[in-house]
Each structure stands twice: as structure tokens, then as C-alpha cells.
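Engineer: Let me give you the structure first, and then I'll get to my questions.
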Amino acid sequence: GGRGAAGSPAASARFVRCLYAVGFLDLFGVSLVVPLMNLHIKSLGASHTVAGIIGSLYGVMQLFSSTFVGCWSDIVGRRYSLLACILLSALGYFLLGNSTTVFLFAISRVPVGVFKHTLSISKALLSDLVLERDRPLVMGRFNAASSVGFILGPVVGGYLAEFEGGFYQTSFICASIFLLNGGLVWMLPWSEENINNRDHYLDKGTHSFPSKSNHDLKSAASRAVTNSSFFQSPWIQVAAVLKKIKGIACSNLWDVLLVRFLMSVAILLYYSNFTLALEERFEVKPLFAGYLMSYSSALGVLAGCLLGPITILYRHNTYRLLLHSSTFTCVLILLYASAPSIWMVILSSTFLAFSTTIGRTCIIDLELTVGGNEASGTLLGVGQSVTSVGRIIAPLLSGIAQEFSPCGPPSLAVGLAVVAIVIMNANKQKYRSHGSVKLKNQ
């Protein structure tokens, strides 16, 4: 059949830009509320222990649900799974806006803890529809758009919190933003004709992304477009999910996931006592530490935008880029741990924003390249679960390390990063073979 307006390059560009907007609105809405949650639960009369338990339960729910939700998106299609996650997250934030007791606060965290995987599904959708060599560029810009929302959200949320009942108003605004996101996802050009007839993707009207082959596109369309699997028996869906998870568990991804885990814990250890360590080591006030973290976040957005030229410089070899960025991250954390002055901390934070952003995008790309695209939602869900384990373990390791020195957590982070680099070097032959496949697809 001929191509209609829906299959035009302009429509393709709109699809990509809309997904960038989804990422921006998602993190903007979340960051409105998250910085205020500890203050709110304590105002309800909760002790520090109860607040910590509720926070940990949220992390545990994310740990176990991310793999299942990601795999579910492979089974029923991206459209229905993404809409379901957005709307159920909106419900959770709406309940948060009505949380006048600690019990209601805990209940409101359940739907968010189980279904707040909208960014992972959006990344899986992007992965379905672009070539492997273009994936780091697309993912980097998606992360950059999301990070802008994370930078702006706390500022707006902090301003709204100054008013009476500000937390409740902010929660309702967050829920409304998620509903807006749901409408945006619903209006995306989801028709199969639009995807199967796509000759190339355009990003911001200037960068062209060649499409996959017809076979790959049909496979991608079966995952990305609405399909009848959503209406199958829940038991059939659960069986299909468990089968996919078993396939991932028996794959050769263990080393990639271990590298992701080690680098995630290393970076979390770096940030775990950042404010406290600066105060103890250099007598710097928490406000300055906050400005420094915002500065790093802004640089992370810039790094996401620069991923395109960097991947071209590396000839789309994700392994080499990941190895170099991880090594650079390790050196910068070591520099921070041994910094004699605050200026050395600022210098290390500046370059660390670039290396961690690049590394985070590259590990996802390598995960999808080694694992294949047939279950990209499952792969991203498993990776998110690995990161969730790191979020649970890192505070414990940080607390133990801080007993010895304020520089304990970053020093431990350096050790973990070194182990990750050794693992990457030990498996370089496998990574290089995947890198050569990417080069052949150029």
C-alpha cells in the first residue's frame, strides 16, 4: 500500500518528540512530590523508622515488579502496558493527595511502587523502532529530556509547598500531569501502517534514523502496537511472562547485569553521603551541596545531547565507550575521595556528570545488544530490578563505610568500579563481537 500522511517522516519525528515529552512530564511530575514526601510523612506523626520502612517497601515493590511489568509489555504490546502504568501511577499520586494518615500514605505508594515503570517501557518502545547504532543517541536524548524535568520539578514543588496544604496540591498536580501523559500516549500514531511503512526516523527535523528491515519492523510492530494479547486470559499472560523471564535468566547476560549492578552501587555510594561529607571535610553548608548537585544534573542533560557525536567518534562501539566511561568514573570518584579542597570536588563533579550519563546509556544499549531485541521490555525490566537491588544495598554499605571515614563510601565505590572494569576486560571478546555486528549494520 502507499504511504499516507501518518507514515511520513514528519509523523515519525512527531512520534519520537512525543516520547521525549512523555519522559520529561514523567520525571517533572515525580520530582514535584518526591523531595517533599519525607517531610509530609513526618508531619503525619511517623517516626524515622516507619518512614524508612515505607521507603524500603517501595524499593522492594519496584525490585519485583519491574521485570514482570517489562515482560508484560512484551506480551500485550507497548500501548496498553504504557497506558496502564501511567494511569495507575496517576491513581497512586491522587491517593497520595488524600493521605491524611500514615496508613493512607503507605497505601498510596502501592500502585506507584508496582506500576511506575513508564520510563522503562518508553525506552523499550524506542529500542523496538530504531537501529542498534542509533539507539545510544535516541536513548541519550530521551534521558536528557527526562533529566530536564527532574531539574525543574523540585524548584516548582518547593515553591508550591510554601502554601498552606501545599503538599496535597502538589500531589494532585502530579496526578494531573500523569493523566496528561496518558492522553499524550493515547494520541500517538500507533497504527501498524504508520510503523511498517516508516522509512526513517527524524529527530528534531535534523537527524535521520534509518528504520529496521521489514522483518524486524514487523516484529517490533507486534510489540509496539496494540494487539489482542491484552485481552487474553490473565493466566495465559502470566505463563508467557514467566517463560520470557526464564529465557532471560538462562541467557549469557550475567556479566552485563553484574557490571550494571556494580557501577550502580558505586555511583549510589558516591552520592549517599555527599552533603554530609562535604560539611565534615570542607565545612560546606548543605545549600552549596544542593547547588552543586543541581549543577551536575544540568551537565548530565548536556551529556545526553552530546551522545550522538561521541558514539560516532567511537564508531558505534558501545563496549569501548562503556569501558572508557566506567574507567573515567572510577578515576573521578577516587579524585573526589582524595580531594584536598572543594575546588577539586567541583572539578570531579563536573566531569563525573558526563561519565555517569554516558555510562548509564551505554550499559542499557549493551544489555539490549547482547540480549537481543525480541524481549526488550523484559531486558530493561531485569536491568531495572538489578538497579533496585543496588538502591537497597547501597545505603547499608554506605552506613558501614561511614563508620570508618567520611571518605569511606566513595573509597568503597572505587573498589566496586575496579571490579566492574576487570569483568568488562575479561569478557572483551564477546563485547567486541557484538560491536562488530553494529558496524556491519551501518
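By order of appearance in the C-alpha cells: chains A, B, ..., then residues from 1 within every chain, and ligands from 1 in the order shown.
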Could you pull the residues within 7 Å of A:Tyr336, counting only C-alpha atoms, minus those fewer than 4 positions along the same chain, as a PyMOL selection string?

Structural biologist: chain A and resi 332+344-345+348

Engineer: Would you mind exporting all heavy atoms of the selected residues as a JSON list (two decimals), in the first residue's frame?

Structural biologist:
```json
[["chain", "number", "residue", "atom", "x", "y", "z"],
["A", 332, "LEU", "N", 37.48, 9.54, 38.65],
["A", 332, "LEU", "CA", 36.88, 10.76, 39.19],
["A", 332, "LEU", "C", 36.38, 10.57, 40.63],
["A", 332, "LEU", "O", 36.51, 11.47, 41.46],
["A", 332, "LEU", "CB", 35.74, 11.23, 38.29],
["A", 332, "LEU", "CG", 36.16, 11.78, 36.92],
["A", 332, "LEU", "CD1", 34.95, 11.95, 36.01],
["A", 332, "LEU", "CD2", 36.90, 13.10, 37.08],
["A", 344, "MET", "N", 38.60, 20.91, 43.94],
["A", 344, "MET", "CA", 38.83, 19.60, 43.35],
["A", 344, "MET", "C", 37.53, 18.79, 43.30],
["A", 344, "MET", "O", 37.29, 18.02, 42.35],
["A", 344, "MET", "CB", 39.89, 18.83, 44.14],
["A", 344, "MET", "CG", 40.44, 17.61, 43.43],
["A", 344, "MET", "SD", 41.38, 18.03, 41.97],
["A", 344, "MET", "CE", 42.87, 18.71, 42.72],
["A", 345, "VAL", "N", 36.68, 18.98, 44.30],
["A", 345, "VAL", "CA", 35.36, 18.32, 44.30],
["A", 345, "VAL", "C", 34.52, 18.84, 43.16],
["A", 345, "VAL", "O", 33.84, 18.07, 42.45],
["A", 345, "VAL", "CB", 34.65, 18.55, 45.65],
["A", 345, "VAL", "CG1", 33.22, 18.02, 45.61],
["A", 345, "VAL", "CG2", 35.43, 17.90, 46.78],
["A", 348, "SER", "N", 35.82, 17.32, 39.89],
["A", 348, "SER", "CA", 35.43, 15.92, 39.72],
["A", 348, "SER", "C", 33.94, 15.79, 39.44],
["A", 348, "SER", "O", 33.52, 14.97, 38.61],
["A", 348, "SER", "CB", 35.82, 15.11, 40.96],
["A", 348, "SER", "OG", 35.12, 15.56, 42.11]]
```

Engineer: Give me, as a tab-separated table, each residue of stretch 83-199 of chain A that comes within 10 Å of stretch 310-329 of chain A, together with its shortest interatomic pair and the distance in Å at one decimal, counting only C-alpha atoms, with rows ordered by chain and rising residue number.

Structural biologist:
```
residue	atom	partner	partner_atom	distance
A:Glu132	CA	A:His316	CA	8.8
A:Arg133	CA	A:His316	CA	5.7
A:Asp134	CA	A:His316	CA	8.2
A:Arg135	CA	A:His316	CA	9.5
A:Pro136	CA	A:Thr311	CA	7.4
A:Leu137	CA	A:Thr311	CA	7.5
```

Engineer: Measuring between only C-alpha atoms, which one of A:Ala21, A:Leu262, A:Leu302, A:Cys407 shows the shortest distance to A:Leu276?

Structural biologist: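 Of all the options, A:Cys407 lies closest to A:Leu276.
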
Engineer: For stretch 120-122 of chain A, list every protein, DNA or RNA residue within 12 Å, evaluated using only C-alpha atoms, and leave out those in the same chain fewer than 5 positions away; present the list as number ranges by chain.

Structural biologist: A: 15-24, 26, 62, 65-74, 76-86, 115, 127-129, 138-139, 142-143, 146, 181, 185, 223-224, 364, 375-385

Engineer: Could you work out how far atom CA of A:Val60 lies from atom CA of A:Ser388, giving the answer in Å with one decimal?

Structural biologist: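 Computing the Euclidean distance for atom CA of A:Ser388 and atom CA of A:Val60 yields 7.6 Å.
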
Engineer: Can you pull out the residues contacting A:Gly29? Cut-off 7 Å, using only C-alpha atoms, and skip same-chain residues under 2 positions away; I want them as a PyMOL selection string.

Structural biologist: chain A and resi 25-27+31-32+153+174+177

Engineer: Given only C-alpha atoms as the basis, pick out the residue of A:Cys305, A:Leu104, A:Leu269, A:Val256 nearest to A:Ala394.

Structural biologist: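 Checking each of A:Cys305, A:Leu104, A:Leu269, A:Val256 against A:Ala394, counting only C-alpha atoms, the winner is A:Leu269.
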
Engineer: Can you work out the spacing between atom CA of A:Tyr291 and atom CA of A:Ala303 in Å, to one decimal?

Structural biologist: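 Answer for the atom CA of A:Tyr291 to atom CA of A:Ala303 separation: 18.4 Å.
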
Engineer: Find the residues near A:Pro395: any atom within 12 Å, counting only C-alpha atoms, skip ones fewer than 3 places away on the same chain, and give them as a ChimeraX atom specification.

Structural biologist: /A:52,56,265-273,388-392,398-402,409

Engineer: Given the choices A:Arg14, A:Ala277, A:Phe354, A:Gly371, which gets closest to A:Met187 if the distance is worked out from only C-alpha atoms?

Structural biologist: A:Arg14

Engineer: Can you pull out the residues contacting A:Val414? Cut-off 8 Å, using only C-alpha atoms, and skip same-chain residues under 6 positions away; I want them as a ChimeraX atom specification.

Structural biologist: /A:266,330-331,333-334

Engineer: A:Ser297, A:Val386, A:Arg281, A:Val370: which is nearest A:Ser405, counting only C-alpha atoms?

Structural biologist: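 Closest candidate: A:Arg281.
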
Engineer: To one decimal place in Å, what is the distance between atom CA of A:Ala426 and atom CA of A:Leu257?

Structural biologist: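 Atom CA of A:Ala426 sits 14.5 Å away from atom CA of A:Leu257.
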
Engineer: When you count only C-alpha atoms, which of these residues is closest to A:Ile346: A:Leu278, A:Gly55, A:Met263, A:Arg109?

Structural biologist: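 Distance minimum relative to A:Ile346 lands on A:Leu278.
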
Engineer: Which one is closest to A:Leu57: A:Leu287, A:Leu160, A:Ile41, A:Val110? Count only C-alpha atoms.

Structural biologist: A:Val110

Engineer: Excluding A:Ala289 and its own-chain neighbours fewer than 4 positions away, which residues fall within 8 Å of it when counting only C-alpha atoms? Please give them as a PyMOL selection string.

Structural biologist: chain A and resi 274-275+278+284-285+293

Engineer: Kindly save the residues from that selection, with all heavy atoms included, as a tab-separated table (two decimals), in the first residue's frame.

Structural biologist:
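Contents of result02.tsv, freshly written:
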```tsv
chain	number	residue	atom	x	y	z
A	274	PHE	N	27.05	12.54	50.22
A	274	PHE	CA	27.70	13.67	49.56
A	274	PHE	C	27.59	14.95	50.38
A	274	PHE	O	28.59	15.61	50.68
A	274	PHE	CB	27.08	13.86	48.17
A	274	PHE	CG	27.80	14.86	47.30
A	274	PHE	CD1	28.99	14.52	46.68
A	274	PHE	CD2	27.30	16.13	47.12
A	274	PHE	CE1	29.66	15.44	45.88
A	274	PHE	CE2	27.96	17.05	46.32
A	274	PHE	CZ	29.15	16.70	45.70
A	275	THR	N	26.37	15.29	50.80
A	275	THR	CA	26.16	16.53	51.55
A	275	THR	C	26.86	16.50	52.90
A	275	THR	O	27.54	17.45	53.29
A	275	THR	CB	24.65	16.77	51.74
A	275	THR	OG1	24.01	16.82	50.46
A	275	THR	CG2	24.40	18.08	52.48
A	278	LEU	N	30.77	16.65	52.55
A	278	LEU	CA	31.27	17.99	52.24
A	278	LEU	C	31.27	18.88	53.48
A	278	LEU	O	32.17	19.69	53.68
A	278	LEU	CB	30.43	18.63	51.13
A	278	LEU	CG	30.57	18.05	49.72
A	278	LEU	CD1	29.78	18.89	48.73
A	278	LEU	CD2	32.03	17.96	49.29
A	284	VAL	N	31.34	22.88	54.35
A	284	VAL	CA	30.47	23.47	53.33
A	284	VAL	C	29.02	23.27	53.76
A	284	VAL	O	28.64	22.18	54.21
A	284	VAL	CB	30.72	22.81	51.96
A	284	VAL	CG1	29.66	23.25	50.96
A	284	VAL	CG2	32.10	23.17	51.45
A	285	LYS	N	28.20	24.30	53.62
A	285	LYS	CA	26.81	24.20	54.02
A	285	LYS	C	26.01	23.34	53.04
A	285	LYS	O	26.35	23.25	51.86
A	285	LYS	CB	26.20	25.60	54.10
A	285	LYS	CG	26.79	26.45	55.22
A	285	LYS	CD	26.10	27.80	55.30
A	285	LYS	CE	26.69	28.63	56.45
A	285	LYS	NZ	26.04	29.96	56.56
A	293	MET	N	24.85	19.68	43.22
A	293	MET	CA	24.13	18.54	42.64
A	293	MET	C	23.24	18.98	41.49
A	293	MET	O	23.12	18.28	40.47
A	293	MET	CB	23.32	17.83	43.73
A	293	MET	CG	24.20	17.14	44.77
A	293	MET	SD	23.28	16.31	46.09
A	293	MET	CE	22.67	14.89	45.21
```
